[in-house]
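Peer 1: After the structure tokens below, expect a handful of questions from me.
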Amino acid sequence: MIGGLVAPSVGSIAIDGRPVEGVPPNVGYVFQRDTVFPWRTVRRNIALGLEYRGVRGPEQQRRVAAAISMAGLDGFEDAFPATLSGGMRQRVSLVRTLVVEPEILLMDEPFGALDLHTKLELHAELLRLWGEKRQTVVFITHDLSEAITLADRIIVMTRRPGRIKMIYDVKLTRPRDVIRLREADEYLRAYGEIWHVLGEEFAREKAP
Amino acid sequence: MRSRGSVLFWQLFILIVLLASWEWLTGIKAISKTPGLYWIDPFFISRPSIIARRFAYLLSDKVRLNLWQMTLSTVQSTLWGFVVGVSTGFLAGLVLGRNDRLARIFEPFIVAFNSLPRIALVPLITMIFGFGLVAKIVLAWTIVFFIVFFNTFQGARSVEADLIHSARFLGASERQIMRTVIVPSALAWTFASLTPSISFALIGVVVGEFLGGESGGGLGYLIIQSLGTLNAADMMVALLTLGLIGIVMAFGIKQVERRLLRWRPEYRKSA
């Protein structure tokens, strides 16, 4: 709804006071499945957003090059996505979105299909990138650890119909270390508390 | 590479055995000393040695319309039919593939026209366009168009919605989405139809030449002319040349395909 793909059945959505009609220009979206264009090389995938906005020539080259090294994809500029691993493709998706510097970043389980190791790497990267630009990020996940690692505020939704079940403010300090953070007291407390609520929801689901 | 060498060896071996037995079998007389009676009559299937002689003769300038000119005429019409058919088929496929309303409106017309046997159109096309190059191109077009159209249509419809959404979020206009998402995505499907398209274009052209007479020229004309003079050797020359044309054209398309679709994993190694 924030992305303007679906209209709300009741009420309205506004970004900075402006109602959302269609896809807003300042919103970036990273999909669950990587959506890199298989017929474009890494470089040209990342250039897409700039191309669409008419940013060309040396300016485009400079920003794409910066994005590539930011994503740690040096040496893969001219590779086609079919030759990359899932983690690398998702990384291309991510920086391709970031290169146009959206003010709001929507992420729909972007790391859901990745193994834990790759996931942690991307968490660290996302935290670092966020640290530079500090956009608003709306991140959907089924992974509680991921939510606590990344978020300032966690909103727990119920099953269908999706309602807000709980709002939890994560008090972990930034910058965060994706590994060490898991041993922090606040992490454990948040995990326990939210887990409990999720358990309730699960039990309610089972009961008639 | 050992295996490739041995494959080539066996291919050559089989070819030589075939040609040699063809030459030999058509030389055995049924009743000794009686001329003109053979176990396998070269009158119908000719002989490699005769075909080779006719080949050289037809290539020379001793004939009014030599093999080069006929080949050129056939190739020219085929390529034109192919290019016109592919480009119109591709455009129509894209437009209808992305517009449900138009697709629903045009569907019965397209299905009806496509289920018409194209050979049945030859006399009508000849009546309208005469015996020349244009008639042959039109005939090839009526076949190629539909092959390419249906493939591109399917391709344009099956573009992943997520790719279109993500382009939109990156700021693409509708035209940019068409150019950067739908066209490249549909192209992969279109390419799958190009190899059959070129063969069908060739079929269309040859059938057109059957009827086209000398003004249309071409190898189809040579075949029909040979039928008139009951000359199997000349027919074989025409068939052989057509086969060669087909192979060369299919090979050319494969090369273009390999280049344009090099992002696909199945082309990666060979690229």
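Residue numbering restarts at 1 in every chain; chains get A, B, ... in the order shown in the structure tokens, and ligands count up from 1 in that same order.
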Would you kindly report the residues of chain A within 8 Å of chain B, using only C-alpha atoms, as JSON, numbers by chain?
Peer 2: {"A": [3, 23, 24, 25, 27, 28, 29, 30, 31, 35, 36, 37, 38, 39, 40, 41, 48, 49, 52, 53, 80, 81, 82, 83, 97, 100]}
Peer 1: Can you write just those residues out, N, CA and C atoms, as a compact mmCIF listing (two decimals), in the first residue's frame?
Peer 2:
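Resulting contents of out.txt:
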# COMPACT_ATOMS: atom_id res chain seq x y z
N GLY A 3 3.70 1.39 -1.30
CA GLY A 3 4.28 1.44 -2.63
C GLY A 3 3.26 1.80 -3.70
N VAL A 23 2.69 4.43 -7.92
CA VAL A 23 4.01 4.25 -7.32
C VAL A 23 4.67 5.61 -7.06
N PRO A 24 4.96 5.91 -5.78
CA PRO A 24 5.56 7.21 -5.48
C PRO A 24 7.02 7.25 -5.94
N PRO A 25 7.50 8.40 -6.34
CA PRO A 25 8.85 8.50 -6.91
C PRO A 25 9.97 8.31 -5.89
N VAL A 27 10.10 6.22 -3.32
CA VAL A 27 10.05 4.97 -2.58
C VAL A 27 10.81 3.90 -3.34
N GLY A 28 11.66 3.18 -2.64
CA GLY A 28 12.36 2.06 -3.24
C GLY A 28 11.78 0.76 -2.71
N TYR A 29 11.83 -0.28 -3.51
CA TYR A 29 11.20 -1.54 -3.11
C TYR A 29 12.17 -2.67 -3.42
N VAL A 30 12.49 -3.46 -2.40
CA VAL A 30 13.30 -4.66 -2.63
C VAL A 30 12.39 -5.86 -2.42
N PHE A 31 12.25 -6.66 -3.47
CA PHE A 31 11.28 -7.75 -3.43
C PHE A 31 11.84 -8.98 -2.77
N THR A 35 14.95 -9.41 -8.10
CA THR A 35 14.32 -9.01 -9.35
C THR A 35 15.34 -8.37 -10.28
N VAL A 36 16.57 -8.87 -10.22
CA VAL A 36 17.54 -8.37 -11.19
C VAL A 36 17.10 -8.82 -12.57
N PHE A 37 17.41 -8.01 -13.58
CA PHE A 37 17.03 -8.36 -14.94
C PHE A 37 18.09 -9.30 -15.50
N PRO A 38 17.71 -10.53 -15.80
CA PRO A 38 18.72 -11.52 -16.19
C PRO A 38 19.47 -11.17 -17.48
N TRP A 39 18.88 -10.31 -18.30
CA TRP A 39 19.54 -10.00 -19.58
C TRP A 39 20.49 -8.81 -19.47
N ARG A 40 20.62 -8.25 -18.27
CA ARG A 40 21.55 -7.14 -18.10
C ARG A 40 22.68 -7.56 -17.19
N THR A 41 23.86 -7.03 -17.45
CA THR A 41 24.99 -7.32 -16.58
C THR A 41 24.77 -6.61 -15.25
N LEU A 48 20.05 0.88 -13.92
CA LEU A 48 18.66 1.03 -14.36
C LEU A 48 17.95 2.27 -13.84
N GLY A 49 17.97 2.42 -12.51
CA GLY A 49 17.23 3.52 -11.90
C GLY A 49 17.72 4.88 -12.42
N TYR A 52 16.48 5.37 -15.98
CA TYR A 52 15.07 5.79 -16.01
C TYR A 52 14.92 7.26 -15.67
N ARG A 53 15.79 7.75 -14.82
CA ARG A 53 15.67 9.15 -14.39
C ARG A 53 16.47 10.08 -15.28
N PHE A 80 26.74 -11.67 -15.91
CA PHE A 80 25.29 -11.75 -15.99
C PHE A 80 24.76 -12.44 -14.73
N PRO A 81 23.55 -12.05 -14.30
CA PRO A 81 23.02 -12.58 -13.04
C PRO A 81 23.02 -14.09 -12.94
N ALA A 82 22.84 -14.79 -14.07
CA ALA A 82 22.79 -16.25 -14.01
C ALA A 82 24.07 -16.84 -13.44
N THR A 83 25.17 -16.06 -13.50
CA THR A 83 26.43 -16.59 -13.01
C THR A 83 26.68 -16.26 -11.54
N THR A 97 18.40 -0.51 -5.89
CA THR A 97 17.37 0.34 -5.30
C THR A 97 17.98 1.54 -4.61
N VAL A 100 19.46 5.12 -6.43
CA VAL A 100 18.66 6.30 -6.74
C VAL A 100 18.25 7.05 -5.47
Peer 1: Using only C-alpha atoms, which protein or nucleic acid residues come within 8 Å of Glu201 in chain A? Drop anything in the same chain fewer than 4 positions from it, and give the result as a list in words.
Peer 2: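 Returned residues: Thr158, Arg159, Val197 and Glu205 of chain A.
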Peer 1: Which polymer residues have any atom within 8 Å of an atom of range 88-91 of chain A, counting only C-alpha atoms, with same-chain residues fewer than 5 positions away left out, as a PyMOL selection string?
Peer 2: chain A and resi 33-36+71+73+81+110-111+122
Peer 1: Go ahead and dump the residues you just picked, C-alpha atoms, as a short mmCIF file (atom, residue, chain, number, x, y, z; two decimals), in the first residue's frame.
Peer 2:
data_model
loop_
_atom_site.label_atom_id
_atom_site.label_comp_id
_atom_site.auth_asym_id
_atom_site.auth_seq_id
_atom_site.Cartn_x
_atom_site.Cartn_y
_atom_site.Cartn_z
CA ARG A 33 12.69 -12.82 -4.83
CA ASP A 34 15.57 -11.00 -6.41
CA THR A 35 14.32 -9.01 -9.35
CA VAL A 36 17.54 -8.37 -11.19
CA ALA A 71 28.00 -3.84 -2.47
CA LEU A 73 30.68 -6.64 -6.25
CA PRO A 81 23.02 -12.58 -13.04
CA PRO A 110 14.34 -9.68 0.97
CA PHE A 111 16.68 -12.14 2.67
CA LEU A 122 23.70 -8.66 4.27
#
Peer 1: Here is a test: counting only C-alpha atoms, which residue of B:Phe109, B:Phe210, B:Phe82, B:Trp39 is nearest to Val122 in chain B?
Peer 2: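 Looking only at the distances to Val122 in chain B, the closest residue turns out to be B:Phe210.
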Peer 1: Please provide as a ChimeraX atom specification all residues within 10 Å of range 66-77 of chain B, with the sequence filter that same-chain residues fewer than 2 positions apart are discarded (counting only C-alpha atoms).
Peer 2: /B:55-64,79-83,132-140,201-202,204-206,208-209,214,216-222,237-238,241-242,245-246,249
Peer 1: If I take CA of Val207 in chain B and CA of Pro48 in chain B, how far is one from the other in Å, to one decimal?
Peer 2: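 That distance, rounded to one decimal, is 25.7 Å.
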Peer 1: Please identify all polymer residues within 12 Å of Gln61 in chain A, counting only C-alpha atoms, omitting same-chain residues fewer than 2 positions from it, and present them as a list in words.
Peer 2: Arg43, Arg44, Ile46, Ala47, Leu48, Leu50, Glu51, Val55, Arg56, Gly57, Pro58, Glu59, Arg63, Val64, Ala65, Ala66, Ala67, Ile68, Glu77 and Val99 of chain A
Peer 1: Store the residues picked out above in a file with C-alpha atoms, as an mmCIF file, in the first residue's frame.
Peer 2:
data_model
loop_
_atom_site.group_PDB
_atom_site.id
_atom_site.type_symbol
_atom_site.label_atom_id
_atom_site.label_comp_id
_atom_site.auth_asym_id
_atom_site.auth_seq_id
_atom_site.Cartn_x
_atom_site.Cartn_y
_atom_site.Cartn_z
ATOM 1 C CA ARG A 43 26.640 -2.882 -13.991
ATOM 2 C CA ARG A 44 23.682 -2.250 -16.249
ATOM 3 C CA ILE A 46 22.506 -1.125 -11.128
ATOM 4 C CA ALA A 47 22.359 1.663 -13.708
ATOM 5 C CA LEU A 48 18.658 1.025 -14.359
ATOM 6 C CA LEU A 50 19.593 6.243 -13.097
ATOM 7 C CA GLU A 51 18.783 5.422 -16.704
ATOM 8 C CA VAL A 55 21.070 10.403 -15.366
ATOM 9 C CA ARG A 56 23.674 9.567 -18.028
ATOM 10 C CA GLY A 57 27.325 9.763 -18.915
ATOM 11 C CA PRO A 58 30.064 10.207 -16.324
ATOM 12 C CA GLU A 59 27.592 11.007 -13.536
ATOM 13 C CA ARG A 63 27.368 6.502 -9.075
ATOM 14 C CA VAL A 64 27.182 2.971 -10.459
ATOM 15 C CA ALA A 65 30.842 2.377 -9.706
ATOM 16 C CA ALA A 66 30.329 3.641 -6.156
ATOM 17 C CA ALA A 67 27.338 1.350 -5.717
ATOM 18 C CA ILE A 68 29.265 -1.646 -7.015
ATOM 19 C CA GLU A 77 30.549 -5.666 -13.098
ATOM 20 C CA VAL A 99 21.588 4.002 -6.004
#
Peer 1: Which distance in Å separates CA of Ile119 in chain B and CA of Phe200 in chain B, to one decimal?
Peer 2: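 Those two atoms sit 11.7 Å apart.
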Peer 1: Of the residues B:Arg47, B:Ile143, B:Ser215, B:Gly5, which is the one nearest to Pro196 in chain B, using only C-alpha atoms?
Peer 2: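 Residue with the minimum atom-to-atom distance to Pro196 in chain B: B:Ile143.
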Peer 1: DSSP on the backbone: what in range 13-153 of chain A comes out helix (DSSP H, G or I), as a PDB file with C-alpha atoms, in the first residue's frame?
Peer 2:
ATOM      1  CA  VAL A  42      25.492  -6.337 -12.946  1.00  0.00           C
ATOM      2  CA  ARG A  43      26.640  -2.882 -13.991  1.00  0.00           C
ATOM      3  CA  ARG A  44      23.682  -2.250 -16.249  1.00  0.00           C
ATOM      4  CA  ASN A  45      21.251  -3.587 -13.671  1.00  0.00           C
ATOM      5  CA  ILE A  46      22.506  -1.125 -11.128  1.00  0.00           C
ATOM      6  CA  LEU A  48      18.658   1.025 -14.359  1.00  0.00           C
ATOM      7  CA  GLY A  49      17.234   3.525 -11.903  1.00  0.00           C
ATOM      8  CA  LEU A  50      19.593   6.243 -13.097  1.00  0.00           C
ATOM      9  CA  GLU A  51      18.783   5.422 -16.704  1.00  0.00           C
ATOM     10  CA  TYR A  52      15.071   5.786 -16.012  1.00  0.00           C
ATOM     11  CA  GLY A  57      27.325   9.763 -18.915  1.00  0.00           C
ATOM     12  CA  PRO A  58      30.064  10.207 -16.324  1.00  0.00           C
ATOM     13  CA  GLU A  59      27.592  11.007 -13.536  1.00  0.00           C
ATOM     14  CA  GLN A  60      25.873   7.653 -14.083  1.00  0.00           C
ATOM     15  CA  GLN A  61      29.200   5.836 -14.309  1.00  0.00           C
ATOM     16  CA  ARG A  62      30.447   7.376 -11.106  1.00  0.00           C
ATOM     17  CA  ARG A  63      27.368   6.502  -9.075  1.00  0.00           C
ATOM     18  CA  VAL A  64      27.182   2.971 -10.459  1.00  0.00           C
ATOM     19  CA  ALA A  65      30.842   2.377  -9.706  1.00  0.00           C
ATOM     20  CA  ALA A  66      30.329   3.641  -6.156  1.00  0.00           C
ATOM     21  CA  ALA A  67      27.338   1.350  -5.717  1.00  0.00           C
ATOM     22  CA  ILE A  68      29.265  -1.646  -7.015  1.00  0.00           C
ATOM     23  CA  SER A  69      32.084  -1.214  -4.566  1.00  0.00           C
ATOM     24  CA  MET A  70      29.586  -0.464  -1.808  1.00  0.00           C
ATOM     25  CA  PRO A  81      23.023 -12.577 -13.040  1.00  0.00           C
ATOM     26  CA  ALA A  82      22.785 -16.252 -14.009  1.00  0.00           C
ATOM     27  CA  THR A  83      26.433 -16.595 -13.010  1.00  0.00           C
ATOM     28  CA  GLY A  86      21.536 -15.875  -4.693  1.00  0.00           C
ATOM     29  CA  GLY A  87      23.165 -13.628  -2.123  1.00  0.00           C
ATOM     30  CA  MET A  88      25.010 -11.640  -4.751  1.00  0.00           C
ATOM     31  CA  ARG A  89      21.880 -11.227  -6.833  1.00  0.00           C
ATOM     32  CA  GLN A  90      19.964  -9.952  -3.831  1.00  0.00           C
ATOM     33  CA  ARG A  91      22.836  -7.580  -3.159  1.00  0.00           C
ATOM     34  CA  VAL A  92      22.523  -6.270  -6.720  1.00  0.00           C
ATOM     35  CA  SER A  93      18.789  -5.796  -6.130  1.00  0.00           C
ATOM     36  CA  LEU A  94      19.510  -3.887  -2.961  1.00  0.00           C
ATOM     37  CA  VAL A  95      22.107  -1.466  -4.305  1.00  0.00           C
ATOM     38  CA  ARG A  96      20.135  -1.041  -7.497  1.00  0.00           C
ATOM     39  CA  THR A  97      17.368   0.335  -5.299  1.00  0.00           C
ATOM     40  CA  LEU A  98      19.722   2.366  -3.139  1.00  0.00           C
ATOM     41  CA  LEU A 116      22.114 -17.772   7.557  1.00  0.00           C
ATOM     42  CA  HIS A 117      25.672 -16.842   6.735  1.00  0.00           C
ATOM     43  CA  THR A 118      24.754 -14.755   3.689  1.00  0.00           C
ATOM     44  CA  LYS A 119      21.884 -13.280   5.609  1.00  0.00           C
ATOM     45  CA  LEU A 120      24.135 -12.068   8.422  1.00  0.00           C
ATOM     46  CA  GLU A 121      26.505 -10.551   5.912  1.00  0.00           C
ATOM     47  CA  LEU A 122      23.695  -8.658   4.266  1.00  0.00           C
ATOM     48  CA  HIS A 123      22.345  -7.558   7.647  1.00  0.00           C
ATOM     49  CA  ALA A 124      25.689  -6.031   8.476  1.00  0.00           C
ATOM     50  CA  GLU A 125      25.794  -4.370   5.100  1.00  0.00           C
ATOM     51  CA  LEU A 126      22.283  -3.026   5.362  1.00  0.00           C
ATOM     52  CA  LEU A 127      23.030  -1.598   8.806  1.00  0.00           C
ATOM     53  CA  ARG A 128      26.170   0.053   7.490  1.00  0.00           C
ATOM     54  CA  LEU A 129      24.413   1.517   4.458  1.00  0.00           C
ATOM     55  CA  TRP A 130      21.547   2.718   6.586  1.00  0.00           C
ATOM     56  CA  GLY A 131      24.041   4.329   8.901  1.00  0.00           C
ATOM     57  CA  GLU A 132      25.164   6.549   6.030  1.00  0.00           C
ATOM     58  CA  LYS A 133      21.847   7.638   4.603  1.00  0.00           C
ATOM     59  CA  LEU A 144      12.420 -12.619  14.648  1.00  0.00           C
ATOM     60  CA  SER A 145      16.204 -12.414  15.011  1.00  0.00           C
ATOM     61  CA  GLU A 146      16.380 -10.478  11.780  1.00  0.00           C
ATOM     62  CA  ALA A 147      13.721  -8.075  13.006  1.00  0.00           C
ATOM     63  CA  ILE A 148      15.510  -7.394  16.283  1.00  0.00           C
ATOM     64  CA  THR A 149      18.881  -7.070  14.590  1.00  0.00           C
ATOM     65  CA  LEU A 150      17.747  -4.446  12.148  1.00  0.00           C
TER      66      LEU A 150
END
Peer 1: Find the residue from B:Ala192, B:Val86, B:Ile223, B:Ile28 that sits nearest to Leu211 in chain B; use only C-alpha atoms when measuring.
Peer 2: B:Ile223
Peer 1: Report, in Å to a single decimal, how far apart CA of Val137 in chain A and CA of Arg174 in chain A are.
Peer 2: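 Between these atoms lies a distance of 15.4 Å.
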